[in-house]
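Note: the block below is protein25.cif and it holds mmCIF, C-alpha atoms and all ligand atoms.
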data_upload
loop_
_atom_site.label_atom_id
_atom_site.label_comp_id
_atom_site.auth_asym_id
_atom_site.auth_seq_id
_atom_site.Cartn_x
_atom_site.Cartn_y
_atom_site.Cartn_z
CA MET G 1 0.00 0.00 0.00
CA LYS G 2 1.10 3.56 -0.61
CA LEU G 3 2.38 5.52 2.40
CA GLN G 4 -0.10 7.92 4.02
CA ILE G 5 2.82 10.29 4.60
CA PRO G 6 5.48 9.84 1.90
CA SER G 7 9.16 9.78 2.91
CA HIS G 8 10.18 11.89 -0.10
CA GLN G 9 9.20 15.43 -1.04
CA GLU G 10 7.31 15.71 -4.30
CA PRO G 11 9.18 17.39 -7.18
CA ARG G 12 8.14 20.78 -8.52
CA ASP G 13 6.53 19.32 -11.58
CA ALA G 14 4.70 16.57 -9.62
CA GLN G 15 1.25 17.67 -10.79
CA ALA G 16 2.34 17.84 -14.44
CA ARG G 17 3.73 14.29 -14.17
CA LYS G 18 0.48 13.09 -12.62
CA ASP G 19 -1.64 14.81 -15.24
CA VAL G 20 -0.26 12.69 -18.09
CA ALA G 21 -3.16 10.72 -19.57
CA PRO G 22 -2.93 6.90 -19.43
CA VAL G 23 -2.69 4.70 -22.49
CA ILE G 24 -4.09 1.17 -22.74
CA CYS G 25 -1.24 -1.34 -22.23
CA TYR G 26 -2.57 -3.91 -24.63
CA PRO G 27 -4.88 -2.40 -27.25
CA VAL G 28 -6.97 -5.32 -28.42
CA ASP G 29 -7.99 -3.71 -31.71
CA GLY G 30 -5.89 -6.36 -33.48
CA LEU G 31 -7.89 -9.14 -31.86
CA ALA G 32 -11.14 -9.51 -33.69
CA ARG G 33 -14.02 -9.10 -31.22
CA PRO G 34 -15.96 -12.32 -31.69
CA ASN G 35 -19.38 -12.08 -33.21
CA LEU G 36 -21.48 -14.02 -30.70
CA GLU G 37 -24.47 -14.52 -33.00
CA PRO G 38 -23.22 -17.81 -34.55
CA PHE G 39 -22.47 -19.10 -31.03
CA HIS G 40 -25.96 -18.20 -29.82
CA ALA G 41 -27.46 -19.78 -32.94
CA ALA G 42 -25.49 -22.98 -32.27
CA ARG G 43 -27.36 -23.38 -28.96
CA ALA G 44 -30.57 -24.24 -30.84
CA GLY G 45 -31.12 -27.97 -30.47
CA TRP G 46 -28.01 -28.49 -28.38
CA ARG G 47 -27.84 -31.68 -26.34
CA ARG G 48 -26.86 -31.79 -22.68
CA LEU G 49 -23.96 -34.22 -22.34
CA SER G 50 -23.37 -34.06 -18.61
CA GLU G 51 -24.14 -32.21 -15.44
CA THR G 52 -22.00 -31.87 -12.34
CA LEU G 53 -23.33 -30.50 -9.08
CA VAL G 54 -20.46 -28.94 -7.13
CA PRO G 55 -21.17 -29.29 -3.40
CA PRO G 56 -20.67 -26.26 -1.11
CA ARG G 57 -17.07 -25.83 0.15
CA ASP G 58 -15.89 -28.46 -2.30
CA ALA G 59 -14.87 -28.73 -5.99
CA ARG G 60 -15.41 -31.02 -8.94
CA CYS G 61 -13.69 -31.50 -12.31
CA PHE G 62 -15.57 -31.72 -15.60
CA ASP G 63 -14.56 -32.41 -19.22
CA VAL G 64 -15.54 -30.26 -22.18
CA PRO G 65 -14.53 -31.27 -25.72
CA ALA G 66 -13.54 -28.48 -28.14
CA GLY G 67 -16.58 -27.08 -29.91
CA HIS G 68 -18.88 -27.74 -26.94
CA PHE G 69 -20.44 -25.32 -24.48
CA PHE G 70 -20.46 -25.34 -20.68
CA ARG G 71 -22.59 -23.33 -18.33
CA ILE G 72 -22.09 -22.54 -14.64
CA THR G 73 -25.45 -21.85 -12.97
CA SER G 74 -26.37 -20.58 -9.52
CA VAL G 75 -28.80 -22.94 -7.79
CA GLU G 76 -30.46 -22.69 -4.38
CA GLY G 77 -28.72 -19.48 -3.23
CA PRO G 78 -26.07 -16.82 -3.96
CA GLN G 79 -22.73 -18.56 -4.35
CA VAL G 80 -19.34 -17.66 -5.81
CA GLY G 81 -17.27 -20.16 -7.81
CA ASP G 82 -13.53 -20.41 -8.49
CA LEU G 83 -12.79 -21.77 -11.96
CA ASN G 84 -9.59 -23.43 -13.23
CA LEU G 85 -9.06 -24.67 -16.81
CA TRP G 86 -6.45 -26.96 -18.36
CA ALA G 87 -5.81 -28.29 -21.85
CA ALA G 88 -7.20 -31.83 -21.55
CA GLN G 89 -4.03 -33.44 -22.92
CA ASP G 90 -1.51 -31.30 -21.06
CA LEU G 91 -1.87 -30.03 -17.49
CA SER G 92 1.00 -27.57 -18.06
CA GLU G 93 -1.24 -25.52 -20.38
CA ARG G 94 -3.53 -23.75 -17.97
CA PHE G 95 -5.60 -20.60 -17.65
CA PHE G 96 -3.52 -17.38 -17.38
CA SER G 97 -5.58 -14.94 -15.33
CA GLY G 98 -2.89 -12.23 -15.41
CA LYS G 99 -2.67 -11.94 -19.20
CA THR G 100 -6.42 -12.38 -19.57
CA ARG G 101 -6.76 -9.36 -17.24
CA ALA G 102 -4.18 -7.40 -19.24
CA LEU G 103 -6.09 -8.10 -22.44
CA HIS G 104 -9.72 -7.86 -21.35
CA GLY G 105 -9.72 -5.87 -18.11
CA THR G 106 -10.37 -6.69 -14.47
CA HIS G 107 -13.78 -8.36 -14.92
CA LEU G 108 -14.91 -10.61 -17.78
CA SER G 109 -18.20 -10.88 -19.61
CA ALA G 110 -19.66 -12.11 -22.91
CA GLY G 111 -17.22 -11.77 -25.81
CA ASP G 112 -14.08 -12.10 -23.64
CA ARG G 113 -11.76 -15.06 -23.91
CA MET G 114 -9.89 -17.05 -21.28
CA TRP G 115 -6.24 -17.34 -22.44
CA SER G 116 -3.73 -20.06 -21.65
CA CYS G 117 -0.34 -19.50 -19.97
CA LEU G 118 3.03 -19.02 -21.71
CA PRO G 119 4.43 -20.47 -23.89
CA TYR G 120 1.00 -21.39 -25.26
CA LEU G 121 -1.07 -18.19 -25.06
CA ARG G 122 -4.08 -19.20 -27.10
CA PRO G 123 -7.82 -19.00 -26.41
CA MET G 124 -9.06 -21.79 -24.16
CA ALA G 125 -12.67 -20.66 -23.84
CA LEU G 126 -14.90 -17.87 -25.09
CA ILE G 127 -17.57 -16.44 -22.78
CA THR G 128 -20.75 -16.59 -24.84
CA ASP G 129 -23.39 -15.42 -22.34
CA ASP G 130 -23.53 -13.72 -18.95
CA SER G 131 -26.86 -13.22 -17.20
CA LEU G 132 -25.21 -10.65 -14.88
CA ASP G 133 -23.98 -8.42 -17.71
CA TRP G 134 -26.52 -5.79 -16.57
CA TYR G 135 -24.39 -5.15 -13.44
CA GLY G 136 -21.59 -3.28 -15.17
CA PHE G 137 -19.57 -1.40 -12.50
CA ASP G 138 -21.18 -0.14 -9.28
CA GLU G 139 -20.43 3.10 -7.41
CA PHE G 140 -17.60 1.38 -5.48
CA GLY G 141 -15.88 0.31 -8.69
CA GLY G 142 -17.02 -3.27 -8.10
CA SER G 143 -18.07 -5.74 -10.77
CA VAL G 144 -18.56 -9.48 -11.23
CA HIS G 145 -16.46 -12.34 -12.68
CA ASP G 146 -13.02 -10.95 -11.79
CA VAL G 147 -9.54 -11.95 -12.85
CA ILE G 148 -7.91 -9.74 -10.18
CA GLY G 149 -8.20 -12.08 -7.22
CA THR G 150 -6.35 -15.33 -6.82
CA ARG G 151 -8.22 -18.09 -4.97
CA CYS G 152 -8.73 -18.37 -1.22
CA ASP G 153 -6.05 -20.64 0.20
CA PRO G 154 -5.00 -22.15 3.53
CA TYR G 155 -1.50 -20.65 3.40
CA THR G 156 -2.70 -17.04 3.38
CA HIS G 157 -5.28 -18.00 6.01
CA ASN G 158 -2.52 -19.40 8.20
CA LEU G 159 -0.27 -16.41 7.56
CA LEU G 160 -2.89 -13.86 8.60
CA GLY G 161 -4.66 -15.62 11.43
CA GLY G 162 -3.03 -18.98 12.08
CA GLY G 163 -4.93 -22.23 12.13
CA GLN G 164 -5.59 -25.03 9.69
CA TYR G 165 -8.60 -24.70 7.38
CA HIS G 166 -9.04 -27.33 4.69
CA HIS G 167 -11.91 -26.12 2.51
CA CYS G 168 -10.44 -23.03 0.86
CA CYS G 169 -10.86 -23.06 -2.93
CA HIS G 170 -7.16 -23.93 -3.32
CA SER G 171 -7.60 -27.14 -1.30
CA ASN G 172 -10.97 -27.94 -2.88
CA LEU G 173 -9.42 -27.64 -6.36
CA THR G 174 -6.38 -29.67 -5.25
CA ARG G 175 -8.57 -32.58 -4.10
CA ALA G 176 -10.64 -32.42 -7.31
CA VAL G 177 -7.51 -32.50 -9.52
CA ALA G 178 -6.03 -35.36 -7.47
CA ASP G 179 -9.22 -37.38 -7.97
CA ARG G 180 -9.62 -36.57 -11.69
CA PHE G 181 -6.01 -37.28 -12.69
CA GLY G 182 -5.09 -39.90 -10.08
CA LEU G 183 -2.33 -37.70 -8.69
CA PRO G 184 -1.00 -37.46 -5.13
CA LEU G 185 -2.25 -34.32 -3.37
CA HIS G 186 1.13 -32.57 -3.43
CA ALA G 187 1.49 -33.10 -7.19
CA ALA G 188 -2.11 -32.07 -7.87
CA GLU G 189 -1.57 -28.86 -5.89
CA PHE G 190 0.98 -27.60 -8.44
CA ALA G 191 -1.64 -27.78 -11.20
CA VAL G 192 -3.98 -25.41 -9.34
CA HIS G 193 -3.69 -21.83 -10.53
CA ASP G 194 -5.26 -18.39 -10.24
CA VAL G 195 -8.90 -18.47 -11.13
CA LEU G 196 -11.76 -16.75 -12.85
CA ASN G 197 -13.89 -15.72 -9.87
CA VAL G 198 -17.30 -16.62 -11.27
CA PHE G 199 -20.16 -14.46 -9.86
CA MET G 200 -17.82 -12.84 -7.28
CA CYS G 201 -18.23 -9.05 -6.90
CA THR G 202 -14.89 -7.36 -6.35
CA GLY G 203 -12.78 -4.32 -7.04
CA PHE G 204 -9.98 -2.16 -5.66
CA THR G 205 -10.61 0.60 -3.11
CA ARG G 206 -9.91 4.05 -4.59
CA GLU G 207 -8.04 5.28 -1.48
CA SER G 208 -5.71 2.34 -0.76
CA GLY G 209 -5.92 0.16 -3.85
CA GLN G 210 -6.86 -2.82 -1.68
CA TYR G 211 -8.74 -5.77 -3.11
CA PHE G 212 -12.33 -5.75 -1.86
CA MET G 213 -15.31 -8.04 -2.12
CA LYS G 214 -18.99 -7.45 -1.52
CA ALA G 215 -22.15 -9.56 -1.59
CA SER G 216 -22.51 -11.10 -5.03
CA PRO G 217 -25.61 -9.98 -6.96
CA VAL G 218 -26.00 -13.55 -8.29
CA ARG G 219 -29.34 -15.26 -7.71
CA PRO G 220 -30.52 -18.80 -8.51
CA GLY G 221 -30.94 -19.13 -12.26
CA ASP G 222 -28.10 -16.76 -13.11
CA TYR G 223 -25.40 -18.29 -15.29
CA LEU G 224 -22.11 -17.74 -17.08
CA GLU G 225 -21.75 -19.65 -20.36
CA PHE G 226 -18.57 -20.64 -22.19
CA PHE G 227 -17.59 -22.18 -25.54
CA ALA G 228 -14.57 -24.52 -25.36
CA GLU G 229 -12.02 -23.54 -28.03
CA ILE G 230 -9.79 -26.53 -27.20
CA ASP G 231 -10.39 -29.82 -25.36
CA LEU G 232 -10.69 -28.78 -21.73
CA VAL G 233 -10.72 -30.13 -18.23
CA GLY G 234 -12.28 -27.63 -15.86
CA ALA G 235 -12.49 -27.55 -12.09
CA LEU G 236 -14.95 -25.44 -10.13
CA SER G 237 -14.89 -24.79 -6.38
CA ALA G 238 -17.97 -23.54 -4.52
CA CYS G 239 -16.07 -21.03 -2.34
CA PRO G 240 -16.44 -21.28 1.47
CA GLY G 241 -17.15 -17.54 1.32
CA GLY G 242 -20.64 -18.27 -0.12
CA ASP G 243 -21.72 -14.94 -1.66
CA CYS G 244 -18.45 -13.44 -0.32
CA SER G 245 -20.30 -10.68 1.60
CA THR G 246 -18.30 -11.05 4.82
CA LEU G 247 -15.94 -13.94 5.51
CA HIS G 248 -14.16 -16.61 3.55
CA SER G 249 -11.71 -19.34 4.59
CA SER G 250 -14.10 -20.59 7.28
CA ASP G 251 -17.38 -22.49 7.65
CA HIS G 252 -19.33 -19.41 8.80
CA ALA G 253 -20.84 -18.19 5.51
CA ALA G 254 -24.01 -19.71 4.02
CA CYS G 255 -22.89 -21.79 1.04
CA TYR G 256 -24.79 -23.36 -1.83
CA PRO G 257 -23.98 -25.77 -4.65
CA LEU G 258 -23.14 -24.68 -8.21
CA LEU G 259 -24.27 -26.53 -11.32
CA VAL G 260 -21.98 -27.17 -14.30
CA GLU G 261 -23.64 -28.42 -17.49
CA VAL G 262 -21.88 -29.42 -20.72
CA PHE G 263 -23.75 -29.14 -24.03
CA ALA G 264 -23.01 -30.57 -27.49
CA PRO G 265 -24.24 -28.24 -30.24
CA PHE G 266 -26.18 -29.64 -33.17
CA ALA G 267 -23.61 -28.01 -35.47
CA LEU G 268 -20.45 -26.01 -34.84
CA PRO G 269 -20.89 -22.21 -34.75
CA LEU G 270 -20.65 -20.85 -38.27
CA GLY G 271 -17.17 -19.48 -38.97
CA TRP G 272 -15.54 -20.83 -35.81
CA VAL G 273 -11.98 -22.04 -36.37
CA ALA G 274 -10.08 -23.95 -33.68
CA PRO G 275 -7.16 -21.87 -32.32
CA THR G 276 -3.70 -22.77 -33.51
CA ALA G 277 -0.48 -22.64 -31.50
CA ASN G 278 0.86 -19.15 -30.73
CA GLY G 279 3.02 -17.76 -33.56
CA TYR G 280 6.09 -16.81 -31.48
CA ASN G 281 9.06 -19.01 -32.45
CA ARG G 282 10.46 -19.35 -28.89
CA THR G 283 14.09 -18.62 -29.84
CA HIS G 284 14.22 -15.75 -27.28
CA GLY G 285 16.96 -13.90 -29.13
CA ARG G 286 19.48 -16.78 -29.15
ZN ZN C 301 -12.68 -19.32 -2.35
#

Would you encode the structure as structure tokens?
Ligand SMILES: [Zn+2]
Amino acid sequence: MKLQIPSHQEPRDAQARKDVAPVICYPVDGLARPNLEPFHAARAGWRRLSETLVPPRDARCFDVPAGHFFRITSVEGPQVGDLNLWAAQDLSERFFSGKTRALHGTHLSAGDRMWSCLPYLRPMALITDDSLDWYGFDEFGGSVHDVIGTRCDPYTHNLLGGGQYHHCCHSNLTRAVADRFGLPLHAAEFAVHDVLNVFMCTGFTRESGQYFMKASPVRPGDYLEFFAEIDLVGALSACPGGDCSTLHSSDHAACYPLLVEVFAPFALPLGWVAPTANGYNRTHGR
């Protein structure tokens, strides 16, 4: 956090330096904004392949073949979910929340993509529908579906308050990955990564720049829908924070399940082309 009383005197031209207008780090004009119409049209006559009910304070994995849709739906009560994605054939290719944030901003919605980590950096999933897109940003600068948080975890919990809590999203995802891939817990843990915070309402305070959360506006029936651009394994944790209005990393908050459904379209969206490998040649100047 920035010092309330700085140690160094501001220079004479401090105001002029501050007045410089910002520029967007990564202008995405070169990335064609996807036309969602063919994706919405492809939902007509789609067939539900599977459904997974993620229990509160726990996580489950699910498989989504390329060219299929998956939907995360709130059921029973307001609940936040922590989402991880991997390339089905290679656990080292995983969702890259940092670069997704740099490309699409702090909070995702329909038309944004979830990108994979380096050295892959290709679209893993396209968000095709968001029933909370009406929320926009509130007066606190908060919005939903962030890529600015990480995932609640027992190490930070221990660091800040001591104690052993085993149902943080990090642990929930670790157990789900261990079960899905037949890995020991300590190996599975390394596959868990920073998440898309589905339905979570977050932002940064204007005064201190601190990460904040507030009660999610999600209600039963709300959903976030994705189109898998590559073969995916996903994992979703129903966060112990529930709607994340007060506490997380404990059993105090009211928690509800989340539903994940996978759909096979009748036909692939018109014009959709599977992403190819990133074009960088990986010689790194040598
Ligand atoms: Zn959590």

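Computed from the coordinates, the CA of Leu132 in chain G to CA of Thr174 in chain G distance equals 28.4 Å.
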
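The interatomic distance for the pair CA of Cys117 in chain G and CA of Asp90 in chain G works out to 11.9 Å.
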
Q) Can you tell me, as JSON, numbers by chain, what residues are no more than 8 Å from Glu76 in chain G when counting only C-alpha atoms, ignoring any on the same chain fewer than 2 positions away? A) {"G": [74, 78, 220, 256, 257]}

Q.
Residues near Arg101 in chain G, anyone? I mean within 10 Å using all atoms listed in the file, not counting same-chain ones fewer than 6 positions away, as number ranges by chain.
A. G: 107-108, 114-115, 146-148, 196

Q: Name all residues at most 12 Å from range 9-24 of chain G (count all atoms listed in the file; drop same-chain ones fewer than 4 positions away) and give them as a ChimeraX atom specification.
A: /G:5,28-29,102-105

Please produce a file of those selected residues containing C-alpha atoms, as a JSON list (two decimals), in the coordinates of the input.
[["chain", "number", "residue", "atom", "x", "y", "z"],
["G", 5, "ILE", "CA", 2.82, 10.29, 4.60],
["G", 28, "VAL", "CA", -6.97, -5.32, -28.42],
["G", 29, "ASP", "CA", -7.99, -3.71, -31.71],
["G", 102, "ALA", "CA", -4.18, -7.40, -19.24],
["G", 103, "LEU", "CA", -6.09, -8.10, -22.44],
["G", 104, "HIS", "CA", -9.72, -7.86, -21.35],
["G", 105, "GLY", "CA", -9.72, -5.87, -18.11]]

Q: List all protein, DNA and RNA residues that have any atom at most 8 Å from ligand ZN 301 (chain C), counting all atoms listed in the file, and write the list as a list in words.
A: Val80, Gly81, Asp82, Arg151, Cys152, Asp153, Cys168, Cys169, His170, Ser237, Ala238, Cys239, Pro240, Gly241, His248 and Ser249 of chain G

Just-selected residues, C-alpha atoms written as an mmCIF file, in the frame of the given file:
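Result file part_18.cif:
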data_model
loop_
_atom_site.group_PDB
_atom_site.id
_atom_site.type_symbol
_atom_site.label_atom_id
_atom_site.label_comp_id
_atom_site.auth_asym_id
_atom_site.auth_seq_id
_atom_site.Cartn_x
_atom_site.Cartn_y
_atom_site.Cartn_z
ATOM 1 C CA VAL G 80 -19.340 -17.660 -5.810
ATOM 2 C CA GLY G 81 -17.270 -20.160 -7.810
ATOM 3 C CA ASP G 82 -13.530 -20.410 -8.490
ATOM 4 C CA ARG G 151 -8.220 -18.090 -4.970
ATOM 5 C CA CYS G 152 -8.730 -18.370 -1.220
ATOM 6 C CA ASP G 153 -6.050 -20.640 0.200
ATOM 7 C CA CYS G 168 -10.440 -23.030 0.860
ATOM 8 C CA CYS G 169 -10.860 -23.060 -2.930
ATOM 9 C CA HIS G 170 -7.160 -23.930 -3.320
ATOM 10 C CA SER G 237 -14.890 -24.790 -6.380
ATOM 11 C CA ALA G 238 -17.970 -23.540 -4.520
ATOM 12 C CA CYS G 239 -16.070 -21.030 -2.340
ATOM 13 C CA PRO G 240 -16.440 -21.280 1.470
ATOM 14 C CA GLY G 241 -17.150 -17.540 1.320
ATOM 15 C CA HIS G 248 -14.160 -16.610 3.550
ATOM 16 C CA SER G 249 -11.710 -19.340 4.590
#

Q) Please, what distance in Å, to one decimal, runs between CA of Pro217 in chain G and CA of Phe199 in chain G? A) 7.6 Å

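Among the candidates G:Arg48, G:Lys99, G:Arg219, G:Arg282, the one nearest to Arg71 in chain G when counting only C-alpha atoms is G:Arg48.
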